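Following: one structure in structure tokens, then a few remarks.
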Amino acid sequence: MGRYQVLLLCVGVVNSLIGTGCLLAETSDAPRLLTPAETQADFDLLRKALEEAHGGVYRYVTKAELDRALDGQRAGLSRPMSRAEFVARVYETLALIRCGHTSPNPDPETQAALAKAPLFPLQVFVEGQTLRVLFNDSPGDRTISPGAEIVAINGRAASGVCKTILSRLPGDGDAESGPRASLQRGFRRQYWLFVEPAAEFTVRARDAAGTTVTATLAGVKDSEVPKNRAQNPVNAEARASRDKLRWWADENLALRFLKDPDVAQIHVGGFGGANYPRWMEDTFRALHEKQTKVLILDLRGNGGGNDMYGAMLVSYLTDKSFRYFDHINVKTVDPSFKEHSTWSAAAGQRLRAGVEPNPAGGFLVTPKLHPGVAEQRPGKYPFTGKVFVLIDGGTFSTAADFCAVVHHLKRATFVGEETGGGYYGNNSGFGITLKLPKSGVRVGIPLYEYWNAVPGYDGKRRGTRPDFPVATTAADLIRGADRPLEVATKLAAEAPREGTK
């Protein structure tokens with residue numbers, strides 16, 4: 001499995017969290033509960049796989065610390081529980097590793113129930129520990145408008161709900177921005193799984209004038225959200241503003257000139273697509289021919305993708321050779337739990353042929369297996385002008401690696417919020433899916449422990465931090481304002497007078 005596939009698995013899982021096992025428990029034909037013996041057996045297999053094969057299981061936590069935590073988690077498997085409850089427990093367990101690429105995929109039974117589950121009917125926006133409404137996705141409620149602060153849900157303080165969910169979401173190291181971005185994307189499903197199953201929600205909210213309002217809203221199915229959002233009139237301004245902000249970047253790759261030819265903006269939604277290499281060459285050739293002075297690169301919400309596409313983008317921002325990955329560790333090339341995974345003989349053969357023994361234990365990936373560990377050459381049309389990069393908690397995986405390397409090379413100024421991905425690298429790439437036989441839960445196990453070629457950064461447990469911190473708020477989005485871009489544009493206007501090439 002390639003790194004892009006592992007990323008899609010993890011992001012897809014976080015965005016499709018559900019509590020429908022709890023919903024099923026309320027029906028007359030509810031499936032049987034898992035016994036303690038079954039959950040303990042699956043937990044033991046999971047622990048064995050993590051300790052044996054996960055490339056960076058001890059990256060942010062010591063073995064002694066993790067052992068104590070895992071012992072405590074297993075001790076809690078002492079009663080019968082639903083599959084959904086066990087999925088939640090697995091999430092809680094994996095969050096201890098602090099790896100944003102490691103999270104479970106619910107069993108097929110639970111996933112199938114998602115389409116029928118009534119879920120929280122408000123699209124939230126996360127501002128620190130505060131929840132605000134971005135869209136009201138109920139069919140006709142006009143009591144709670146976009147921008148309102150959610151104070152409580154079914155009697156639970158919103159701050160406590162956030163804390164409960166965030167403690168179970170995967171994230172790299174101590175960067176809080178990544179889990180917050182995940183909570184924002186998947187709140188309605190996460191609420192069901194981690195907080196409570198409910199078909200109705202009593203929401204207490206505070207509007208912009210400080211007035212407290214309360215509404216009882218029926219849950220909505222995911223399939224109902226687009227229609228409800230479009231037809232509910234309270235969303236009109238927010239929807240128009242969203243369209244205003246997004247009109248130019250509907251495609252994964254987009255270029256526009258904010259001041260032709262001096263200031264260009266590039267949007268990269270993800271590091272994927274067969275047209276990526278050609279698009280990059282054509283785009284940077286155009287910047288070269290126009291003698292563009294300033295480039296604003298927007299990587300907000302970019303969840304990553306192809307490693308070498310990230311290295312390729314770096315190559316267009318420098319006229320010198322550079323290192324992208326310092327090294328990639330692998331713990332095993334022959335896992336003992338193969339029969340419970342997607343491991344294949346072909347995958348094993350490819351892996352063994354591309355590694356060499358690591359004197360410190362395990363193996364090191366060679367350029368034969370991954371060209372990212374070799375020296376990288378500059379691109380055909382390197383841009384040597386001033387570069388500003390827009391980042392946030394959704395800037396993850398390959399996007400975070402790119403930011404770290406460009407930051408280390410001193411080739412960009414960063415605006416926005418801390419990246420969700422770790423500065424020094426992550427655990428992803430070549431991976432296998434562990435299939436827990438009793439519960440049906442699946443867990444992606446990343447075999448690669450990537451280390452970016454970025455020595456000397458003071459935040460070894462953090463992401464790339466912005467030079468100019470600018471937090472996006474729900475109020476900004478509702479009125480159609482892009483403050484990080486506004487700040488970058490202002491800095492760009494000053495850049496030519498600073499002597500930028």
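Scheme for the structure tokens: letters A, B, ... for chains in order shown; per-chain residue numbers from 1; ligand numbers from 1 in order shown.
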- Message: I'd like the contact shell of A:Phe271 - 9 Å cut-off, only C-alpha atoms, skipping same-chain residues fewer than 2 positions apart - returned as a PyMOL selection string.
- Response: chain A and resi 4+252+268-269+273+276+302-310+398-399
- Query: Which residues come within 12 Å of A:Pro139, counting only C-alpha atoms, excluding same-chain residues fewer than 3 positions away, as a VMD selection string?
  - Reply: chain A and resid 121 to 122 135 to 136 142 to 143 217 to 221 224 to 235
- Out of stretch 276-378 of chain A, which residues get helix (DSSP H, G or I) from DSSP, as an NGL selection string? :A and (276-290 or 307-315 or 338-340 or 345-353 or 371-373)
Let me see the file: selected residues, C-alpha atoms, as an mmCIF file, in the first residue's frame.
data_model
loop_
_atom_site.group_PDB
_atom_site.id
_atom_site.type_symbol
_atom_site.label_atom_id
_atom_site.label_comp_id
_atom_site.auth_asym_id
_atom_site.auth_seq_id
_atom_site.Cartn_x
_atom_site.Cartn_y
_atom_site.Cartn_z
ATOM 1 C CA TYR A 276 0.527 16.885 -11.502
ATOM 2 C CA PRO A 277 4.081 16.751 -12.993
ATOM 3 C CA ARG A 278 3.041 18.380 -16.279
ATOM 4 C CA TRP A 279 0.958 21.038 -14.522
ATOM 5 C CA MET A 280 3.839 21.984 -12.239
ATOM 6 C CA GLU A 281 6.310 22.279 -15.103
ATOM 7 C CA ASP A 282 3.916 24.351 -17.217
ATOM 8 C CA THR A 283 3.019 26.599 -14.282
ATOM 9 C CA PHE A 284 6.559 27.340 -13.190
ATOM 10 C CA ARG A 285 7.616 27.893 -16.774
ATOM 11 C CA ALA A 286 4.848 30.515 -17.004
ATOM 12 C CA LEU A 287 6.057 32.188 -13.803
ATOM 13 C CA HIS A 288 9.594 32.176 -15.201
ATOM 14 C CA GLU A 289 8.520 33.728 -18.495
ATOM 15 C CA LYS A 290 6.429 36.384 -16.761
ATOM 16 C CA ASP A 307 5.840 11.822 -1.428
ATOM 17 C CA MET A 308 7.704 12.659 -4.595
ATOM 18 C CA TYR A 309 5.123 15.208 -5.653
ATOM 19 C CA GLY A 310 5.972 17.070 -2.462
ATOM 20 C CA ALA A 311 9.683 16.853 -3.243
ATOM 21 C CA MET A 312 8.934 18.018 -6.793
ATOM 22 C CA LEU A 313 7.249 21.172 -5.530
ATOM 23 C CA VAL A 314 10.269 21.914 -3.341
ATOM 24 C CA SER A 315 12.478 21.487 -6.407
ATOM 25 C CA LYS A 338 0.396 -11.787 8.139
ATOM 26 C CA GLU A 339 -2.636 -14.085 8.135
ATOM 27 C CA HIS A 340 -4.659 -11.346 9.831
ATOM 28 C CA ALA A 345 4.168 -12.111 -0.789
ATOM 29 C CA ALA A 346 4.818 -9.605 -3.562
ATOM 30 C CA ALA A 347 4.746 -6.710 -1.121
ATOM 31 C CA GLY A 348 7.155 -8.509 1.181
ATOM 32 C CA GLN A 349 9.532 -9.290 -1.650
ATOM 33 C CA ARG A 350 9.525 -5.670 -2.809
ATOM 34 C CA LEU A 351 10.161 -4.436 0.705
ATOM 35 C CA ARG A 352 13.011 -6.841 1.429
ATOM 36 C CA ALA A 353 14.706 -5.969 -1.859
ATOM 37 C CA PRO A 371 13.858 7.889 -4.264
ATOM 38 C CA GLY A 372 12.958 10.421 -1.589
ATOM 39 C CA VAL A 373 15.953 9.396 0.544
#
Residues of stretch 96-190 of chain A in strand (DSSP E), written as an mmCIF file with N, CA and C atoms, in the first residue's frame:
data_model
loop_
_atom_site.group_PDB
_atom_site.id
_atom_site.type_symbol
_atom_site.label_atom_id
_atom_site.label_comp_id
_atom_site.auth_asym_id
_atom_site.auth_seq_id
_atom_site.Cartn_x
_atom_site.Cartn_y
_atom_site.Cartn_z
ATOM 1 N N PRO A 104 -8.565 3.472 13.417
ATOM 2 C CA PRO A 104 -9.291 2.278 12.975
ATOM 3 C C PRO A 104 -10.342 2.576 11.913
ATOM 4 N N ASN A 105 -10.710 1.530 11.212
ATOM 5 C CA ASN A 105 -11.800 1.570 10.253
ATOM 6 C C ASN A 105 -12.910 0.695 10.824
ATOM 7 N N LEU A 122 -25.967 20.259 12.619
ATOM 8 C CA LEU A 122 -25.265 21.525 12.416
ATOM 9 C C LEU A 122 -23.832 21.261 11.991
ATOM 10 N N GLN A 123 -23.380 21.951 10.939
ATOM 11 C CA GLN A 123 -21.975 21.867 10.547
ATOM 12 C C GLN A 123 -21.194 22.817 11.432
ATOM 13 N N VAL A 124 -20.219 22.286 12.166
ATOM 14 C CA VAL A 124 -19.506 23.112 13.134
ATOM 15 C C VAL A 124 -18.204 23.643 12.565
ATOM 16 N N PHE A 125 -17.743 24.728 13.169
ATOM 17 C CA PHE A 125 -16.416 25.276 12.902
ATOM 18 C C PHE A 125 -15.737 25.414 14.253
ATOM 19 N N VAL A 126 -14.497 24.950 14.344
ATOM 20 C CA VAL A 126 -13.795 24.890 15.625
ATOM 21 C C VAL A 126 -12.865 26.083 15.775
ATOM 22 N N GLU A 127 -13.076 26.831 16.846
ATOM 23 C CA GLU A 127 -12.185 27.935 17.196
ATOM 24 C C GLU A 127 -11.615 27.644 18.580
ATOM 25 N N THR A 130 -13.905 26.232 21.243
ATOM 26 C CA THR A 130 -15.246 26.764 20.998
ATOM 27 C C THR A 130 -15.818 26.211 19.701
ATOM 28 N N LEU A 131 -17.085 25.802 19.761
ATOM 29 C CA LEU A 131 -17.783 25.330 18.573
ATOM 30 C C LEU A 131 -18.699 26.428 18.057
ATOM 31 N N ARG A 132 -18.599 26.726 16.784
ATOM 32 C CA ARG A 132 -19.503 27.674 16.159
ATOM 33 C C ARG A 132 -20.223 26.998 14.993
ATOM 34 N N VAL A 133 -21.349 27.540 14.654
ATOM 35 C CA VAL A 133 -22.151 26.989 13.570
ATOM 36 C C VAL A 133 -21.683 27.592 12.250
ATOM 37 N N LEU A 134 -21.370 26.732 11.290
ATOM 38 C CA LEU A 134 -21.029 27.196 9.956
ATOM 39 C C LEU A 134 -22.250 27.096 9.036
ATOM 40 N N PHE A 135 -22.999 25.988 9.169
ATOM 41 C CA PHE A 135 -24.240 25.809 8.424
ATOM 42 C C PHE A 135 -25.265 25.129 9.316
ATOM 43 N N ASN A 136 -26.522 25.509 9.154
ATOM 44 C CA ASN A 136 -27.618 24.821 9.810
ATOM 45 C C ASN A 136 -28.189 23.825 8.808
ATOM 46 N N GLU A 149 -22.421 30.630 18.558
ATOM 47 C CA GLU A 149 -21.597 29.748 19.384
ATOM 48 C C GLU A 149 -22.477 28.670 20.002
ATOM 49 N N ILE A 150 -22.076 27.411 19.856
ATOM 50 C CA ILE A 150 -22.801 26.316 20.495
ATOM 51 C C ILE A 150 -22.348 26.230 21.940
ATOM 52 N N VAL A 151 -23.276 26.427 22.860
ATOM 53 C CA VAL A 151 -22.957 26.424 24.286
ATOM 54 C C VAL A 151 -23.100 25.028 24.869
ATOM 55 N N ALA A 152 -24.159 24.329 24.476
ATOM 56 C CA ALA A 152 -24.407 22.994 25.030
ATOM 57 C C ALA A 152 -25.226 22.165 24.051
ATOM 58 N N ILE A 153 -25.020 20.850 24.126
ATOM 59 C CA ILE A 153 -25.766 19.899 23.301
ATOM 60 C C ILE A 153 -26.343 18.838 24.227
ATOM 61 N N ARG A 156 -24.971 18.826 27.657
ATOM 62 C CA ARG A 156 -23.515 18.718 27.815
ATOM 63 C C ARG A 156 -22.848 19.990 27.320
ATOM 64 N N ALA A 157 -21.944 20.534 28.113
ATOM 65 C CA ALA A 157 -21.214 21.733 27.699
ATOM 66 C C ALA A 157 -20.410 21.435 26.444
#
- Contacts of stretch 75-80 of chain A at 6 Å or less, counting only C-alpha atoms, minus same-chain residues fewer than 4 places along, as a PyMOL selection string? chain A and resi 33-36
For the residues in that selection, give me C-alpha atoms as a PDB file, in the first residue's frame.
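Contents of result11.pdb, freshly written:
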ATOM      1  CA  LEU A  33     -22.384  -7.976  22.030  1.00  0.00           C
ATOM      2  CA  LEU A  34     -18.728  -8.882  21.869  1.00  0.00           C
ATOM      3  CA  THR A  35     -17.569 -10.877  24.873  1.00  0.00           C
ATOM      4  CA  PRO A  36     -14.585  -9.792  26.986  1.00  0.00           C
TER       5      PRO A  36
END
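From atom CA of A:Gln376 back to atom CA of A:Phe402, the distance works out to 13.0 Å.
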